[in-house]
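Visitor: One structure, pasted below without further comment.
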Amino acid sequence: MADTLLDDVGDLLWEAADQVVLPLFRKLDDDDVSEKAPGEVVTVADRRAEELLSAGLRRLRPGSMVVGEEGVADDPGLLRHLRDGGDVWLVDPVDGTANFAAGRRPFALMVSLLSEGRPTAGWILDPLADTLAVGSADEGTLLNGRLVDGVSAPSLGELRGVAMTKFLPPETRDRVRAGGRRLGELLPGQHCAGREYLDILTGEQQFALFWRTLPWDHAPGTLLVRAAGGVARRFDGVDYHPADDGRGLLVAANEQVWAEVRDALLST
């Protein structure tokens, strides 16, 4: 993949952050926030940023399709394009919307590219932390312009990671909470998948466990972690693909960590 596309989409994310998202942070009116589903909020920043990003991505790849979180909320049928040929963009205009709407950090802007049904590139921007991760499946991951040459991990008992337990089935939730004591430090989560992926890339944590796996939440991060030598699989060991309609995802810094965490958190 040409480096120019990685740079161009990164620039586009910064444009959306600077022009739309950051000017509205902690400045939303009551009318700027609404529920698109019970318990799921959307803001004017989400909608405006998705419009800006979608137009820019189509300019970068004429003829491409955009599948955005807010677009899918209005038309769920858009998800069928994730197995299409050609180029398909997945867009999460503001990941961590609940944080953003409450005036909290973190939140992120995320994009991924699927070509002929294969995830080929991903981008995550945390604008408040001034952190941008970009990468391609074939050429690796860059974190603020520097190649991530593998992610080191401590031994079992000293691992740090997040387990998003809210939506887990009760029996799985109990196993995860009990198993966390064997790993080291089990964190509660930041309500922003993009930040969890960035923290794996920086080495701040070594794994993340999710139950819900909406494609715009996980396509960018799983690609970036894999391109840096990490692993992203379903609980049964099947590699994650954003078009799969499944539950449960375990992401880890490397193969050994993935196996150790699955054994500690998910084994009966």
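The way I read the labels, and the way they are meant: chains A, B, ... in the order of the structure tokens, residue 1 as the first residue of every chain, and ligand 1 as the first ligand shown, with later ones counted on from there.
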Counting only C-alpha atoms, what is within 8 Å of Val231 (chain A), bar same-chain residues fewer than 5 positions away, as a list in words?
Guide: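 That gives Thr222, Val225, Arg226, Val251, Ala252, Ala253, Asn254, Glu255 and Trp258 of chain A.
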Visitor: Go ahead and save the residues from that selection, with all heavy atoms, as a short mmCIF file (atom, residue, chain, number, x, y, z; two decimals), in the first residue's frame.
Guide:
```cif
data_model
loop_
_atom_site.label_atom_id
_atom_site.label_comp_id
_atom_site.auth_asym_id
_atom_site.auth_seq_id
_atom_site.Cartn_x
_atom_site.Cartn_y
_atom_site.Cartn_z
N THR A 222 -7.93 -4.16 15.36
CA THR A 222 -7.44 -5.52 15.16
C THR A 222 -6.39 -5.55 14.06
O THR A 222 -5.38 -6.27 14.16
CB THR A 222 -8.59 -6.49 14.84
OG1 THR A 222 -9.35 -5.99 13.73
CG2 THR A 222 -9.48 -6.68 16.04
N VAL A 225 -3.06 -4.00 15.51
CA VAL A 225 -2.39 -4.89 16.46
C VAL A 225 -1.78 -6.08 15.74
O VAL A 225 -0.64 -6.48 15.99
CB VAL A 225 -3.37 -5.34 17.56
CG1 VAL A 225 -2.78 -6.49 18.38
CG2 VAL A 225 -3.70 -4.16 18.48
N ARG A 226 -2.51 -6.67 14.80
CA ARG A 226 -1.96 -7.78 14.04
C ARG A 226 -0.73 -7.37 13.24
O ARG A 226 0.27 -8.10 13.18
CB ARG A 226 -3.02 -8.34 13.09
CG ARG A 226 -4.09 -9.19 13.73
CD ARG A 226 -5.17 -9.47 12.73
NE ARG A 226 -6.14 -10.44 13.20
CZ ARG A 226 -7.35 -10.59 12.65
NH1 ARG A 226 -7.71 -9.85 11.63
NH2 ARG A 226 -8.18 -11.50 13.13
N VAL A 251 -8.01 -9.85 22.15
CA VAL A 251 -6.89 -9.24 21.42
C VAL A 251 -5.69 -9.22 22.36
O VAL A 251 -5.82 -8.88 23.55
CB VAL A 251 -7.24 -7.81 20.99
CG1 VAL A 251 -6.11 -7.19 20.17
CG2 VAL A 251 -8.53 -7.80 20.19
N ALA A 252 -4.51 -9.58 21.85
CA ALA A 252 -3.34 -9.68 22.71
C ALA A 252 -2.09 -9.25 21.96
O ALA A 252 -2.03 -9.27 20.72
CB ALA A 252 -3.16 -11.10 23.23
N ALA A 253 -1.07 -8.88 22.73
CA ALA A 253 0.17 -8.36 22.15
C ALA A 253 0.92 -9.39 21.35
O ALA A 253 1.64 -9.05 20.40
CB ALA A 253 1.07 -7.82 23.27
N ASN A 254 0.79 -10.67 21.70
CA ASN A 254 1.45 -11.73 20.93
C ASN A 254 0.74 -13.05 21.18
O ASN A 254 -0.21 -13.13 21.97
CB ASN A 254 2.94 -11.81 21.26
CG ASN A 254 3.21 -12.06 22.74
OD1 ASN A 254 2.54 -12.87 23.38
ND2 ASN A 254 4.18 -11.35 23.30
N GLU A 255 1.20 -14.09 20.50
CA GLU A 255 0.56 -15.40 20.57
C GLU A 255 0.58 -15.97 21.98
O GLU A 255 -0.41 -16.54 22.46
CB GLU A 255 1.29 -16.36 19.62
CG GLU A 255 0.61 -17.70 19.45
CD GLU A 255 -0.56 -17.64 18.49
OE1 GLU A 255 -0.44 -16.99 17.44
OE2 GLU A 255 -1.60 -18.26 18.81
N TRP A 258 -1.94 -14.22 24.22
CA TRP A 258 -3.31 -14.61 23.87
C TRP A 258 -3.66 -15.95 24.51
O TRP A 258 -4.72 -16.10 25.11
CB TRP A 258 -3.47 -14.68 22.35
CG TRP A 258 -4.91 -14.78 21.93
CD1 TRP A 258 -5.76 -13.76 21.64
CD2 TRP A 258 -5.67 -15.99 21.77
NE1 TRP A 258 -7.00 -14.25 21.31
CE2 TRP A 258 -6.97 -15.61 21.39
CE3 TRP A 258 -5.37 -17.34 21.92
CZ2 TRP A 258 -7.97 -16.54 21.14
CZ3 TRP A 258 -6.38 -18.29 21.68
CH2 TRP A 258 -7.67 -17.88 21.29
#
```
Visitor: Give the strand (DSSP E) residues of region 8-57 of chain A, as DSSP finds them on the backbone, and put them as a list in words.
Guide: Val33, Ser34, Glu35, Lys36, Ala37, Glu40, Val41, Val42 and Thr43 of chain A
Visitor: Write out the residues from the selection above, keeping C-alpha atoms, as a short mmCIF file (atom, residue, chain, number, x, y, z; two decimals), in the first residue's frame.
Guide:
```
data_model
loop_
_atom_site.label_atom_id
_atom_site.label_comp_id
_atom_site.auth_asym_id
_atom_site.auth_seq_id
_atom_site.Cartn_x
_atom_site.Cartn_y
_atom_site.Cartn_z
CA VAL A 33 -27.11 14.84 22.08
CA SER A 34 -29.77 12.21 21.45
CA GLU A 35 -30.39 8.47 21.77
CA LYS A 36 -30.22 6.43 18.57
CA ALA A 37 -31.01 3.24 20.55
CA GLU A 40 -26.68 4.53 23.04
CA VAL A 41 -26.12 8.22 22.51
CA VAL A 42 -25.14 10.07 19.35
CA THR A 43 -24.02 13.68 19.07
#
```
Visitor: Can you tell me which residues surround Leu224 (chain A) at a distance of at most 7 Å, considering only C-alpha atoms, apart from same-chain residues fewer than 5 positions away, and format the answer as a PyMOL selection string?
Guide: chain A and resi 122+135+141
Visitor: Please provide as an MDAnalysis selection string all residues within 8 Å of Asp46 (chain A), with the sequence filter that same-chain residues fewer than 3 positions apart are discarded (counting only C-alpha atoms).
Guide: chainID A and resid 21 42:43 49:50 70 93:94 97
Visitor: Let me see the file: selected residues, N, CA and C atoms, as a compact mmCIF listing (two decimals), in the first residue's frame.
Guide:
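See part.txt below for the written result:
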```
# COMPACT_ATOMS: atom_id res chain seq x y z
N VAL A 21 -14.78 17.80 15.70
CA VAL A 21 -14.92 17.11 16.97
C VAL A 21 -14.41 17.96 18.14
N VAL A 42 -25.82 9.55 20.53
CA VAL A 42 -25.14 10.07 19.35
C VAL A 42 -25.15 11.59 19.47
N THR A 43 -24.10 12.22 18.99
CA THR A 43 -24.02 13.68 19.07
C THR A 43 -23.90 14.26 17.67
N ALA A 49 -18.81 14.67 11.72
CA ALA A 49 -17.51 14.07 11.44
C ALA A 49 -17.64 12.93 10.43
N GLU A 50 -18.70 12.13 10.54
CA GLU A 50 -18.89 11.05 9.57
C GLU A 50 -19.11 11.60 8.18
N GLU A 70 -22.89 5.80 11.93
CA GLU A 70 -24.16 6.53 11.93
C GLU A 70 -24.97 6.21 10.69
N PRO A 93 -16.78 7.72 13.55
CA PRO A 93 -16.41 9.14 13.60
C PRO A 93 -16.00 9.62 14.98
N VAL A 94 -16.66 9.10 16.02
CA VAL A 94 -16.27 9.39 17.40
C VAL A 94 -16.45 8.10 18.19
N THR A 97 -18.34 7.71 22.25
CA THR A 97 -19.29 8.82 22.21
C THR A 97 -19.83 9.17 23.60
```
Visitor: Could you name the residues that touch Leu12 (chain A) at 9 Å or less, counting only C-alpha atoms, but leaving out those on the same chain fewer than 4 positions away, as a PyMOL selection string?
Guide: chain A and resi 7-8+16-17+52-53+56-57
Visitor: Output N, CA and C atoms for every residue in the selection just made, as a PDB file, in the first residue's frame.
Guide:
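Final output, selection-v7.pdb:
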```pdb
ATOM      1  N   ASP A   7      -0.855   8.368   4.917  1.00  0.00           N
ATOM      2  CA  ASP A   7      -0.716   9.766   5.333  1.00  0.00           C
ATOM      3  C   ASP A   7      -1.982  10.562   5.051  1.00  0.00           C
ATOM      4  N   ASP A   8      -2.581  10.335   3.878  1.00  0.00           N
ATOM      5  CA  ASP A   8      -3.750  11.123   3.489  1.00  0.00           C
ATOM      6  C   ASP A   8      -4.936  10.864   4.418  1.00  0.00           C
ATOM      7  N   ALA A  16     -10.947  16.206  10.516  1.00  0.00           N
ATOM      8  CA  ALA A  16     -12.248  16.023  11.171  1.00  0.00           C
ATOM      9  C   ALA A  16     -12.164  16.363  12.649  1.00  0.00           C
ATOM     10  N   ALA A  17     -11.059  15.982  13.288  1.00  0.00           N
ATOM     11  CA  ALA A  17     -10.894  16.306  14.709  1.00  0.00           C
ATOM     12  C   ALA A  17     -10.816  17.810  14.924  1.00  0.00           C
ATOM     13  N   LEU A  52     -17.931  14.465   6.968  1.00  0.00           N
ATOM     14  CA  LEU A  52     -16.646  14.970   6.477  1.00  0.00           C
ATOM     15  C   LEU A  52     -15.730  13.821   6.074  1.00  0.00           C
ATOM     16  N   LEU A  53     -15.632  12.819   6.926  1.00  0.00           N
ATOM     17  CA  LEU A  53     -14.753  11.688   6.633  1.00  0.00           C
ATOM     18  C   LEU A  53     -15.233  10.920   5.407  1.00  0.00           C
ATOM     19  N   GLY A  56     -14.357  12.773   2.230  1.00  0.00           N
ATOM     20  CA  GLY A  56     -12.918  12.749   1.988  1.00  0.00           C
ATOM     21  C   GLY A  56     -12.423  11.391   1.547  1.00  0.00           C
ATOM     22  N   LEU A  57     -12.936  10.328   2.139  1.00  0.00           N
ATOM     23  CA  LEU A  57     -12.500   8.973   1.781  1.00  0.00           C
ATOM     24  C   LEU A  57     -12.929   8.628   0.359  1.00  0.00           C
TER      25      LEU A  57
END
```
Visitor: As a list in words, please: the residues near region 262-265 of chain A (cut-off 8 Å, only C-alpha atoms, same-chain neighbours under 4 positions excluded).
Guide: Arg175, Val176, Arg177, Ala178, Gly179, Gly180, Arg182, Leu183, Phe235, Leu250 and Trp258 of chain A
Visitor: Please return as number ranges by chain: the residues of region 21-245 of chain A that backbone DSSP assigns to helix (DSSP H, G or I).
Guide: A: 21-24, 30-32, 44-60, 69-74, 76-83, 97-101, 170-183, 193-202, 215-227
Visitor: Nearest to Leu13 (chain A): which of A:Leu78, A:Ala219, A:Leu109, A:Leu187 is it, counting only C-alpha atoms?
Guide: A:Leu109
Visitor: For the atom pair CA of Glu158 (chain A) and CA of Thr172 (chain A), what is the interatomic distance in Å to one decimal place?
Guide: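 Going from CA of Glu158 (chain A) over to CA of Thr172 (chain A) covers 22.4 Å.
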Visitor: When you draw a straight line from CA of Phe25 (chain A) to CA of Asn99 (chain A), how long is it in Å?
Guide: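 Distance reported for this atom pair: 10.0 Å.
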Visitor: Write out as a ChimeraX atom specification each polymer residue whose atoms come within 9 Å of region 205-214 of chain A, counting only C-alpha atoms; drop sequence neighbours fewer than 3 positions from it.
Guide: /A:69,151-154,159-169,189,193,196-197,199-202,217-219,242,245-254,257-258,261
Visitor: So the first atom is CA of Leu147 (chain A) and the second is CA of Gly230 (chain A); what is the distance between them in Å, to one decimal place?
Guide: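 Atom-to-atom, CA of Leu147 (chain A) and CA of Gly230 (chain A) are spaced 14.0 Å apart.
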Visitor: For a quick check of understanding, using only C-alpha atoms, which of A:Leu156, A:Ala55, A:Arg105, A:Pro188 has the smallest distance to Gln256 (chain A)?
Guide: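 Smallest distance to Gln256 (chain A) is found for A:Leu156.
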